[in-house]
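Enquirer: This is the structure I want to talk about, given as structure tokens.
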Amino acid sequence: LTQQKTSNRKLSFVGVLALLLAGLLLTIALLQNPQPAKITIGSKNYTEQIILGEILAQQIESQTDLKVNRSFNLGGTFICHEAIKAGQIDGYVEYTGTALTAILQQPPITDPQEVYQQVQQVYNDKFQLELMEPLGFENTYALIIRREDAENLQITTLSEAAKYAPQWQPAFGYEFLEREDGYRGLAKTYGLKFKNIPQEMDLGLMYKALTQKKIDIGNATSTDGLIPVLDLVVLEDDKKYFPPYEAVPVFNQKTLDKYPYLKDTINQLAGSISAAEMQQMNYEVDKQSRPVEQVVQTFLSSQK
């Protein structure tokens, strides 16, 4: 019996030693081959934003050793802003005019450079967020009508459209109805008085309602790939009501302090995306159902 206990103790000792040795070897292996660091890129909840998020992600993964956690389709402007402030995401793409009017609650400014500098300074000082260089295109709000109406009435601008507003049924998105740079200021600037109070409508339903002639005018974004496909027309903002909406990557300063090379990596994208290229990528995803990852890979390959 004593011999059996001694044998059991030896076996236990050997087992513990084996576990310790295995743990030591695992630790050494992990130290020699550390897991790649990860950062999180976010996006708002529509096609263009998901494409832009994927552009940031692929740029980072192709130019650095960082791995990217994709946290796309988060929601609207305020959700993304709160997420990056809290460090839940490390970066996403914002629009300068949106940052100025929706986040900072400032009145619209028409000078793109002034808007960029003002947003850059306040974001840095107040939120510890850094604006990168603009990506090269603007995605401004736009009011859209059917091409046949534009041609029949011979109108191309919002000023020309205002005289027909009392005959039209409008529908606009929630953000456009509520924002400082949205419908209320636009209506005042152009004297828009529609037949009825504008309906609140999701963008996808708005396009359908326009083509089915259930509404006569709606809002969109200027780089939406469905505008030419559905034979719709953007009315020119001839009084320059809308502020500039340059697409700019925004990153948490703590992330940039930790990975300082990220700034140069992202700024390699500066000026690389035209409005036409953005509209084309939106079209390929929305209308041709191409995977976002594939569309972005094709675009980035074309830039080399």
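Residues in the structure tokens are numbered from 1 in each chain, the chains being A, B, ... in the order shown, and ligands are numbered from 1 in the order shown.
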List as a list in words the protein and nucleic acid residues near Gly271 in chain A, meaning an atom at most 12 Å away when only C-alpha atoms are counted, but skip any in the same chain fewer than 4 places from it.

Expert: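 Once the adjacent positions are removed, what remains is Met132, Glu133, Pro134, Leu135, Gly136, Phe137, Glu138, Glu246, Ala247, Val248, Pro249, Ile266, Asn267, Ala275, Glu277 and Gln303 of chain A.
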
Enquirer: Kindly save the residues from that selection, with N, CA and C atoms included, as a PDB file, in the first residue's frame.

Expert:
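Dumped everything to again-v5.pdb:
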ATOM      1  N   MET A 132      -8.109  62.941 -40.450  1.00  0.00           N
ATOM      2  CA  MET A 132      -7.080  62.698 -41.454  1.00  0.00           C
ATOM      3  C   MET A 132      -7.351  63.606 -42.655  1.00  0.00           C
ATOM      4  N   GLU A 133      -6.548  63.445 -43.699  1.00  0.00           N
ATOM      5  CA  GLU A 133      -6.739  64.252 -44.897  1.00  0.00           C
ATOM      6  C   GLU A 133      -7.973  63.763 -45.664  1.00  0.00           C
ATOM      7  N   PRO A 134      -8.714  64.670 -46.315  1.00  0.00           N
ATOM      8  CA  PRO A 134      -9.920  64.274 -47.066  1.00  0.00           C
ATOM      9  C   PRO A 134      -9.620  63.217 -48.127  1.00  0.00           C
ATOM     10  N   LEU A 135     -10.592  62.331 -48.343  1.00  0.00           N
ATOM     11  CA  LEU A 135     -10.404  61.221 -49.279  1.00  0.00           C
ATOM     12  C   LEU A 135     -10.527  61.646 -50.736  1.00  0.00           C
ATOM     13  N   GLY A 136     -11.102  62.833 -50.983  1.00  0.00           N
ATOM     14  CA  GLY A 136     -11.130  63.321 -52.360  1.00  0.00           C
ATOM     15  C   GLY A 136     -12.503  63.636 -52.922  1.00  0.00           C
ATOM     16  N   PHE A 137     -13.577  63.234 -52.230  1.00  0.00           N
ATOM     17  CA  PHE A 137     -14.919  63.508 -52.760  1.00  0.00           C
ATOM     18  C   PHE A 137     -15.809  64.075 -51.667  1.00  0.00           C
ATOM     19  N   GLU A 138     -16.875  64.721 -52.114  1.00  0.00           N
ATOM     20  CA  GLU A 138     -17.917  65.180 -51.207  1.00  0.00           C
ATOM     21  C   GLU A 138     -19.160  64.328 -51.413  1.00  0.00           C
ATOM     22  N   GLU A 246     -17.016  66.893 -47.163  1.00  0.00           N
ATOM     23  CA  GLU A 246     -15.853  66.112 -47.579  1.00  0.00           C
ATOM     24  C   GLU A 246     -15.733  64.855 -46.706  1.00  0.00           C
ATOM     25  N   ALA A 247     -15.489  63.735 -47.357  1.00  0.00           N
ATOM     26  CA  ALA A 247     -15.306  62.485 -46.625  1.00  0.00           C
ATOM     27  C   ALA A 247     -13.912  62.465 -46.000  1.00  0.00           C
ATOM     28  N   VAL A 248     -13.848  62.310 -44.670  1.00  0.00           N
ATOM     29  CA  VAL A 248     -12.559  62.308 -43.968  1.00  0.00           C
ATOM     30  C   VAL A 248     -12.518  61.170 -42.941  1.00  0.00           C
ATOM     31  N   PRO A 249     -11.436  60.387 -42.931  1.00  0.00           N
ATOM     32  CA  PRO A 249     -11.277  59.405 -41.860  1.00  0.00           C
ATOM     33  C   PRO A 249     -11.062  60.110 -40.515  1.00  0.00           C
ATOM     34  N   ILE A 266      -3.144  55.782 -43.426  1.00  0.00           N
ATOM     35  CA  ILE A 266      -4.470  56.255 -43.831  1.00  0.00           C
ATOM     36  C   ILE A 266      -4.355  57.440 -44.779  1.00  0.00           C
ATOM     37  N   ASN A 267      -3.406  58.315 -44.526  1.00  0.00           N
ATOM     38  CA  ASN A 267      -3.268  59.500 -45.384  1.00  0.00           C
ATOM     39  C   ASN A 267      -2.759  59.179 -46.789  1.00  0.00           C
ATOM     40  N   ALA A 275     -15.802  61.602 -56.783  1.00  0.00           N
ATOM     41  CA  ALA A 275     -17.243  61.411 -56.597  1.00  0.00           C
ATOM     42  C   ALA A 275     -17.773  60.351 -57.562  1.00  0.00           C
ATOM     43  N   GLU A 277     -16.092  57.814 -58.835  1.00  0.00           N
ATOM     44  CA  GLU A 277     -15.633  56.483 -58.394  1.00  0.00           C
ATOM     45  C   GLU A 277     -16.458  55.990 -57.208  1.00  0.00           C
ATOM     46  N   GLN A 303      -5.507  51.660 -57.838  1.00  0.00           N
ATOM     47  CA  GLN A 303      -4.775  52.840 -57.372  1.00  0.00           C
ATOM     48  C   GLN A 303      -3.259  52.615 -57.344  1.00  0.00           C
TER      49      GLN A 303
END

Enquirer: Write out as number ranges by chain each polymer residue whose atoms come within 7 Å of range 77-89 of chain A, counting only C-alpha atoms; drop sequence neighbours fewer than 6 positions from it.

Expert: A: 40-44, 127, 252

Enquirer: Could you write out, as a PDB file with C-alpha atoms, in the first residue's frame, all the residues of range 148-261 of chain A that DSSP marks as strand (DSSP E)?

Expert:
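Heads up, here's the output in selection.pdb:
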ATOM      1  CA  PRO A 170     -42.426  65.492 -50.690  1.00  0.00           C
ATOM      2  CA  ALA A 171     -40.823  62.762 -48.575  1.00  0.00           C
ATOM      3  CA  PHE A 172     -37.533  63.032 -46.703  1.00  0.00           C
ATOM      4  CA  GLN A 199     -43.536  62.475 -45.049  1.00  0.00           C
ATOM      5  CA  GLU A 200     -40.719  60.813 -43.133  1.00  0.00           C
ATOM      6  CA  ILE A 217     -39.452  64.990 -54.593  1.00  0.00           C
ATOM      7  CA  GLY A 218     -37.126  63.424 -52.037  1.00  0.00           C
ATOM      8  CA  ASN A 219     -33.660  63.754 -50.570  1.00  0.00           C
ATOM      9  CA  ALA A 220     -30.627  61.662 -51.358  1.00  0.00           C
ATOM     10  CA  THR A 221     -26.861  61.871 -51.194  1.00  0.00           C
ATOM     11  CA  LEU A 232     -33.552  60.604 -61.338  1.00  0.00           C
ATOM     12  CA  VAL A 233     -32.127  64.132 -61.383  1.00  0.00           C
ATOM     13  CA  VAL A 234     -30.280  66.055 -58.663  1.00  0.00           C
ATOM     14  CA  LEU A 235     -31.497  69.643 -58.377  1.00  0.00           C
ATOM     15  CA  ALA A 247     -15.306  62.485 -46.625  1.00  0.00           C
ATOM     16  CA  VAL A 248     -12.559  62.308 -43.968  1.00  0.00           C
ATOM     17  CA  PRO A 249     -11.277  59.405 -41.860  1.00  0.00           C
ATOM     18  CA  VAL A 250     -11.520  60.112 -38.110  1.00  0.00           C
ATOM     19  CA  PHE A 251      -9.352  58.227 -35.598  1.00  0.00           C
ATOM     20  CA  ASN A 252      -9.134  58.110 -31.840  1.00  0.00           C
TER      21      ASN A 252
END

Enquirer: With only C-alpha atoms as the counted atoms, please give the residues lying no more than 9 Å from Pro107 in chain A, apart from itself and same-chain residues fewer than 6 positions off, as an mmCIF file with N, CA and C atoms, in the first residue's frame.

Expert:
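Below is the file that was written, part-v9.cif:
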data_model
loop_
_atom_site.group_PDB
_atom_site.id
_atom_site.type_symbol
_atom_site.label_atom_id
_atom_site.label_comp_id
_atom_site.auth_asym_id
_atom_site.auth_seq_id
_atom_site.Cartn_x
_atom_site.Cartn_y
_atom_site.Cartn_z
ATOM 1 N N LEU A 100 -19.690 69.314 -38.545
ATOM 2 C CA LEU A 100 -19.882 70.718 -38.161
ATOM 3 C C LEU A 100 -21.295 70.973 -37.640
ATOM 4 N N THR A 101 -22.293 70.524 -38.386
ATOM 5 C CA THR A 101 -23.675 70.893 -38.055
ATOM 6 C C THR A 101 -24.350 69.916 -37.102
ATOM 7 N N GLU A 180 -29.710 70.419 -38.454
ATOM 8 C CA GLU A 180 -29.536 71.859 -38.617
ATOM 9 C C GLU A 180 -29.341 72.240 -40.086
ATOM 10 N N ASP A 181 -28.647 71.386 -40.816
ATOM 11 C CA ASP A 181 -28.369 71.660 -42.230
ATOM 12 C C ASP A 181 -29.350 70.943 -43.148
#

Enquirer: To one decimal place, how far is CA of Glu61 in chain A from CA of Asn124 in chain A in Å?

Expert: 25.6 Å

Enquirer: For the structure I just gave you, how does DSSP split range 117-200 of chain A - specifically, which residues are alpha helix (DSSP H)? Reply as a count of residues only.

Expert: 30

Enquirer: Check the smallest atom-to-atom distance from each of A:Ala99, A:Val115, A:Leu66, A:Leu74 to Gln49 in chain A using only C-alpha atoms, then report the winner.

Expert: A:Leu74

Enquirer: Excluding same-chain residues fewer than 4 positions from Ser222 in chain A, what lies within 7 Å of it counting only C-alpha atoms, as a list of chain:residue names?

Expert: A:Asn139, A:Thr140, A:Tyr141, A:Ala142

Enquirer: Now that the selection is made, can you save its residues with N, CA, C and O atoms as a PDB file, in the first residue's frame?

Expert:
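Listed below is the output, out_3.pdb:
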ATOM      1  N   ASN A 139     -19.879  64.084 -50.343  1.00  0.00           N
ATOM      2  CA  ASN A 139     -21.179  63.425 -50.456  1.00  0.00           C
ATOM      3  C   ASN A 139     -22.201  64.358 -49.819  1.00  0.00           C
ATOM      4  O   ASN A 139     -22.513  64.259 -48.640  1.00  0.00           O
ATOM      5  N   THR A 140     -22.677  65.283 -50.607  1.00  0.00           N
ATOM      6  CA  THR A 140     -23.572  66.297 -50.082  1.00  0.00           C
ATOM      7  C   THR A 140     -25.024  65.839 -50.151  1.00  0.00           C
ATOM      8  O   THR A 140     -25.369  64.932 -50.917  1.00  0.00           O
ATOM      9  N   TYR A 141     -25.860  66.446 -49.342  1.00  0.00           N
ATOM     10  CA  TYR A 141     -27.291  66.233 -49.487  1.00  0.00           C
ATOM     11  C   TYR A 141     -27.727  66.730 -50.858  1.00  0.00           C
ATOM     12  O   TYR A 141     -27.150  67.668 -51.419  1.00  0.00           O
ATOM     13  N   ALA A 142     -28.764  66.126 -51.388  1.00  0.00           N
ATOM     14  CA  ALA A 142     -29.309  66.547 -52.670  1.00  0.00           C
ATOM     15  C   ALA A 142     -30.805  66.295 -52.680  1.00  0.00           C
ATOM     16  O   ALA A 142     -31.282  65.336 -52.061  1.00  0.00           O
TER      17      ALA A 142
END

Enquirer: Residues near Pro166 in chain A, anyone? I mean within 6 Å using only C-alpha atoms, not counting same-chain ones fewer than 4 positions away, as a PyMOL selection string.

Expert: chain A and resi 193-195

Enquirer: Counting only C-alpha atoms, which of A:Gln118, A:Gln105, A:Thr211, A:Gln279 gets nearest to Ile144 in chain A?

Expert: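 That would be A:Thr211, the residue with the smallest distance to Ile144 in chain A.
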
Enquirer: Go ahead and compute the interatomic distance for CA of Glu236 in chain A and CA of Thr157 in chain A, in Å to one decimal.

Expert: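 Distance between the two atoms: 4.3 Å.
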
Enquirer: Could you name the residues that touch Gln120 in chain A at 8 Å or less, counting only C-alpha atoms, but leaving out those on the same chain fewer than 4 positions away, as a list in words?

Expert: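 So the residues in contact are Tyr116, Asn124, Glu130 and Leu131 of chain A.
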
Enquirer: CA of Met201 in chain A and CA of Trp168 in chain A, how far apart in Å?

Expert: 15.6 Å
